[in-house]
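Have a look at the structure below, then the notes.
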Amino acid sequence: MSTTAQNKPAVHTPAQPKTLDVGRLLLEGRAFFALIAIIIFFSFMSPYYFTFNNFLIMSSHVAIFGLLALGMLLVILNGGIDLSVGSTLGLCGVFAGYLIQGVNIEILGITFYPSLWVVVVLTCALGAAVGCVNGILIAHFKVPAFVATLGTMYVARGIALLITNGLTYNKLDGKPELGNTGFEWLGFNRLAGIPISVIVLIIVALICGLVLSRTAFGRWLYASGGNESAANLSGVPVIRVKVVVYMISGVCAALAGLVLASQLTSAGPTAGTTYELTAIAAVVIGGAALTGGRGTVRGTILGALVIGYLSDGLVIIGVSAYWQTVFTGTVIVLAVLLNSLQYSSKRNSR
Amino acid sequence: MSLAFNHSSDEPKTDVVLAARNIAKSFGNTHALKSVNFDVYHGQVTTLFGENGAGKSTLMKVLSGVIAPTSGDIILDGSPALFNNANEARANGISIIHQELSLAPNMNVRDNIFMGREIISNGSVDFAEEERQTRELMAGLAEDIDPLTMVEELRLGQQQIIEIARAISQKSRILIMDEPTSALSATEVEVLFNVIHDLTSKGVSIVYISHHLEEALLITDHAVVLRDGTMTAYAPRKDIDLEWIVRNMVGENFDLGSPPEGYQFGDVALKIDDLVISDPNGADFNVVDKLSLEVKAGEIVCVYGLMGAGRSEFMECIAGRLNAQTGTILLGDENISKLSIAERINVGLALVPEDRQKDGLVQTMSVGQNLSLASISDFTKKLFISTNSENTLIKQSVKAVTVKTSGADAAIGSLSGGNQQKVVIGKMLATNPRVLLLDEPSRGIDIGAKAEVFKLLSERAKEGLAVIYSTSEVAECLSIAHRIIVMHKGQISAEFDSTVSKEKIMAASGESVAH
């Protein structure tokens, strides 16, 4: 066509080569720059902030939100939302505590003490089961994700309270003669100086990153989040993808529950309350679109770091907890504002 | 162009109410309009013709104040006018009926028509008066729609009528209509044209845009042709015909091709027996009623029919998106009636859906990722996607379907409509189908791209692909199809070979040929 012949030079000569578009760079790397700014600010405010040890401590706090946020990222990429992760975290922590305390089977008159690996596997399986319920409700019965996960949020929390009768399991050390010791390893030990919880986060992040960028499942996830109907007509098993996504989110919540219970050396039924909102915030700060189809693991980890380093920094310099909430909220709103700026500028730059 | 203003001697009595002078509009490096001049006459219809991307919609947005021109003037009643927004244009008597419906589906017809201009008396909305006026408007448009019906309960065509009624009720002097007939039935189009005649006789000037060239020629008084952001021709109705418009639109004579020849058809590739599909919206009738069809390998079949004839449902059912009530679908010897969409793609049957924005493309993904989406599992080795084979496939596809893109990483939205359609076709062809269904493949793409799509299909047919495409434009039936099937009320009402006349096809579809 004659028309394209004229337009082509305009398309091909890169009018804005990737040299010095500072605004664009700042916008796309905003989570990263925000993190740098936070670190610099608090390093000036407090001599304790910029120390290796403090970073490790802060990072082990971040690990909990990070794990939840990675599961949440997959759900949000798929165009959904998972409000149940905080409750799932609590339920799974309590369940792990329950197993470590010993399962009393009265009919046989014995108490069963599962070994630690069995505890971890069973807890993750419980997380997956909660996610599976979410997934089936949303994918098969077409319940809106917000409502379905709101429901499981209440149910999971309720079951956690029922298991302990509202109390907290405190003795999670296990007994050497029963062979179930070592639960604190997850929350306290270090491998080559790095807390185990941070290593768990890194491994999960790497797996998520690989799944998203290199597997067909990852592509299906992005596609059905971007346009479910087009993905369906292209042969993507959209229902299966959806169920699996919520199951992964549940497993991530279970891992976070194990880490938290281990860090606190106690498993309380109210652990993780409102954590789902922090996880959503981390995903959004990381640049993902709540409408689905856009977002990266890297961004989400940066988002979790921003939230964690900011709130820990505020604690270190002695800002009141009430102000922390105000700051966190402001950061979230700013992030969403910038997100809409980025996506609308993309649309206009055609 | 030199043609532009020498017509005034022919019609000395008409006044120019609105004129565009040297209007240019650029979006960054893209020049959507380059110095456009044209006049709108008092009480007459001026039609803008042009391919997609020629700048028609941009020009309309400039005239109606939605966007500001980069340079140039809009002359209203002889003096320059500058509208900062659509409301200012409306205050000056210019309103626009957009191509995309702008109704609130959760509100009733009355409230939609008076949205933002509610009739207030004694401090509250005078619903009775609004309702009376709505009834009057509906009567004038010969539509039996109750003012209290929810808009979401109306057919798309009826919604379009509401949109038109709203514009009429604003008592504009200049009414811009952007593709108002795209969702209307033949009778509704006739009513609309009567309304347009009525309006012009009352002194309202109409600016009309349509892809349906024959239809637009029926009502227009003046024709303006845009190509590539420039006005290429202008003439009053009596001096022009269809060929003139097409010639000026595309710059040369265009031919949508002829049925590919010189080879034998293969075995039956797709066999459909007594297919019955009930209405997907739950109404108590069958959208497809005992339809049987056989298509051989290498054959191209065109399915023609009006809106609501059941073409889309027919295709979606074969592809597995809708469930059939009864009937069997055989691909070769294999019964695929019970398979999922993914399984049908695997055995060699693919659908290019009608609405490429809604069902065809993933807007958040790149051109390359869209192209490889349907065949992604083919180049997954063990766990991971093989980047090499994916890139090879993308390169091949871009070449095979001649997508014009700055690269495989380009955003899908940066492509023109025709190239987006080629991506959807390329995506399905990458699954190596034996049968390819295309639901209105030419919808919303320009003539040049149409010809390219049809050429591509006929080349594939020569290699043994069975092609079934549907269309609502008769000219497209008489292009590459070996056989033309006319659908009417869910059944095949006629079957023709490629030598049939347009009139016969239209008659079989139950269409009234307006003159």
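In the structure tokens, the first chain shown is A, the next is B, and so on; residue numbers restart at 1 for each chain, and ligands run from 1 in the order shown.
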Next on the checklist: Which residues are close to region 116-127 of chain A, i.e. within 8 Å by only C-alpha atoms, leaving aside same-chain residues fewer than 6 positions away? Reply as JSON, numbers by chain.
Outcome noted: {"A": [88, 89, 92, 93, 95, 96, 99, 100, 180, 181, 182, 183, 247, 250, 251, 252, 253, 254, 255, 258]}
Next on the checklist: Report as a VMD selection string all protein, DNA and RNA residues lying within 10 Å of Val331 (chain A), evaluated on only C-alpha atoms, omitting residues in the same chain fewer than 2 positions from it.
Outcome noted: chain A and resid 34 281 285 306 to 307 310 326 to 329 333 to 337
May I have the selected residues written with C-alpha atoms, as a tab-separated table (two decimals), in the first residue's frame?
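Heads up, here's the output in part01.tsv:
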```tsv
chain	number	residue	atom	x	y	z
A	34	ALA	CA	11.71	4.78	45.61
A	281	ALA	CA	-0.06	-2.98	47.90
A	285	ILE	CA	3.71	-0.58	43.92
A	306	VAL	CA	9.64	-0.60	49.57
A	307	ILE	CA	6.85	-1.35	52.03
A	310	LEU	CA	9.79	2.01	54.80
A	326	VAL	CA	-0.45	7.23	56.92
A	327	PHE	CA	2.88	6.99	55.07
A	328	THR	CA	2.19	3.50	53.78
A	329	GLY	CA	-1.20	4.59	52.48
A	333	VAL	CA	-1.88	5.87	46.30
A	334	LEU	CA	1.19	7.42	44.67
A	335	ALA	CA	2.07	4.06	43.15
A	336	VAL	CA	-1.39	3.62	41.65
A	337	LEU	CA	-1.30	7.17	40.27
```
Checklist entry - If you run DSSP on the backbone, which residues of region 244-316 of chain B are strand (DSSP E), as a PyMOL selection string? => result chain B and resi 268-278+286-296+300-304
Can those selected residues be exported to a file as a tab-separated table (two decimals), in the first residue's frame so that it contains N, CA and C atoms?
```tsv
chain	number	residue	atom	x	y	z
B	268	VAL	N	-13.55	-34.73	1.90
B	268	VAL	CA	-14.35	-33.86	2.75
B	268	VAL	C	-13.57	-33.58	4.03
B	269	ALA	N	-13.34	-32.29	4.32
B	269	ALA	CA	-12.56	-31.93	5.50
B	269	ALA	C	-13.46	-31.67	6.69
B	270	LEU	N	-14.63	-31.11	6.42
B	270	LEU	CA	-15.55	-30.78	7.52
B	270	LEU	C	-16.95	-31.18	7.09
B	271	LYS	N	-17.61	-31.95	7.96
B	271	LYS	CA	-18.96	-32.40	7.63
B	271	LYS	C	-19.86	-32.10	8.82
B	272	ILE	N	-20.87	-31.30	8.58
B	272	ILE	CA	-21.78	-30.92	9.65
B	272	ILE	C	-23.15	-31.50	9.34
B	273	ASP	N	-23.73	-32.19	10.36
B	273	ASP	CA	-25.01	-32.84	10.14
B	273	ASP	C	-26.06	-32.34	11.12
B	274	ASP	N	-27.16	-31.81	10.58
B	274	ASP	CA	-28.33	-31.46	11.40
B	274	ASP	C	-27.97	-30.68	12.65
B	275	LEU	N	-27.16	-29.68	12.49
B	275	LEU	CA	-26.73	-28.91	13.65
B	275	LEU	C	-27.85	-28.00	14.15
B	276	VAL	N	-28.17	-28.11	15.44
B	276	VAL	CA	-29.17	-27.23	16.05
B	276	VAL	C	-28.51	-26.52	17.22
B	277	ILE	N	-28.59	-25.19	17.23
B	277	ILE	CA	-28.04	-24.42	18.35
B	277	ILE	C	-29.16	-23.56	18.90
B	278	SER	N	-29.42	-23.69	20.21
B	278	SER	CA	-30.45	-22.83	20.79
B	278	SER	C	-29.85	-21.47	21.12
B	286	ASN	N	-34.25	-21.41	18.06
B	286	ASN	CA	-32.93	-21.92	17.66
B	286	ASN	C	-32.26	-20.94	16.72
B	287	VAL	N	-31.05	-20.51	17.07
B	287	VAL	CA	-30.34	-19.58	16.19
B	287	VAL	C	-29.80	-20.29	14.97
B	288	VAL	N	-29.52	-21.58	15.12
B	288	VAL	CA	-29.17	-22.39	13.96
B	288	VAL	C	-30.09	-23.61	14.00
B	289	ASP	N	-30.73	-23.88	12.88
B	289	ASP	CA	-31.81	-24.86	12.88
B	289	ASP	C	-31.55	-25.93	11.83
B	290	LYS	N	-31.13	-27.10	12.27
B	290	LYS	CA	-30.91	-28.26	11.40
B	290	LYS	C	-30.08	-27.90	10.17
B	291	LEU	N	-28.89	-27.46	10.42
B	291	LEU	CA	-28.04	-27.05	9.31
B	291	LEU	C	-27.04	-28.16	8.99
B	292	SER	N	-26.92	-28.48	7.73
B	292	SER	CA	-25.92	-29.47	7.30
B	292	SER	C	-25.05	-28.86	6.23
B	293	LEU	N	-23.76	-29.23	6.26
B	293	LEU	CA	-22.82	-28.62	5.32
B	293	LEU	C	-21.60	-29.53	5.19
B	294	GLU	N	-21.08	-29.60	3.95
B	294	GLU	CA	-19.83	-30.33	3.73
B	294	GLU	C	-18.85	-29.42	3.05
B	295	VAL	N	-17.62	-29.41	3.53
B	295	VAL	CA	-16.60	-28.60	2.88
B	295	VAL	C	-15.39	-29.49	2.62
B	296	LYS	N	-14.87	-29.40	1.38
B	296	LYS	CA	-13.75	-30.25	1.01
B	296	LYS	C	-12.43	-29.53	1.25
B	300	ILE	N	-13.06	-23.07	-0.78
B	300	ILE	CA	-13.36	-21.85	-0.04
B	300	ILE	C	-14.86	-21.61	-0.09
B	301	VAL	N	-15.49	-21.56	1.09
B	301	VAL	CA	-16.93	-21.37	1.15
B	301	VAL	C	-17.22	-20.05	1.85
B	302	CYS	N	-18.10	-19.26	1.25
B	302	CYS	CA	-18.50	-18.00	1.86
B	302	CYS	C	-19.88	-18.15	2.46
B	303	VAL	N	-20.06	-17.72	3.69
B	303	VAL	CA	-21.38	-17.75	4.31
B	303	VAL	C	-21.90	-16.33	4.37
B	304	TYR	N	-22.96	-16.07	3.63
B	304	TYR	CA	-23.53	-14.73	3.61
B	304	TYR	C	-24.83	-14.72	4.40
```
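Excluding Phe114 (chain B) itself and any same-chain residue fewer than 4 positions from it, the protein and nucleic acid residues within 9 Å of it, counting only C-alpha atoms, are Val109, Arg110, Glu118, Ile119, Glu130, Thr134, Arg166 and Ser169 of chain B.
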Closest pair table for chain A residues within 6 Å of chain B, only C-alpha atoms, as JSON lines:
```
{"residue": "A:Arg214", "atom": "CA", "partner": "B:Phe384", "partner_atom": "CA", "distance": 5.3}
{"residue": "A:Thr215", "atom": "CA", "partner": "B:Phe384", "partner_atom": "CA", "distance": 4.6}
{"residue": "A:Gly226", "atom": "CA", "partner": "B:Val362", "partner_atom": "CA", "distance": 5.4}
{"residue": "A:Asn227", "atom": "CA", "partner": "B:Val362", "partner_atom": "CA", "distance": 5.1}
{"residue": "A:Ser229", "atom": "CA", "partner": "B:Asp359", "partner_atom": "CA", "distance": 5.2}
{"residue": "A:Ala230", "atom": "CA", "partner": "B:Asp359", "partner_atom": "CA", "distance": 4.1}
{"residue": "A:Ser234", "atom": "CA", "partner": "B:Ala374", "partner_atom": "CA", "distance": 4.7}
{"residue": "A:Gly235", "atom": "CA", "partner": "B:Ala342", "partner_atom": "CA", "distance": 3.8}
{"residue": "A:Gly293", "atom": "CA", "partner": "B:Thr364", "partner_atom": "CA", "distance": 5.9}
{"residue": "A:Arg350", "atom": "CA", "partner": "B:Ser414", "partner_atom": "CA", "distance": 5.2}
```
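Among the candidates A:Val85, A:Ile38, A:Ala205, A:Val245, the one nearest to Tyr154 (chain A) when counting only C-alpha atoms is A:Val85.
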Item to check | Selection near Met72 (chain A), 7 Å with only C-alpha atoms, sequence-local residues under 3 positions removed, as a ChimeraX atom specification | outcome: /A:68-69,75-76,82,249,279-280
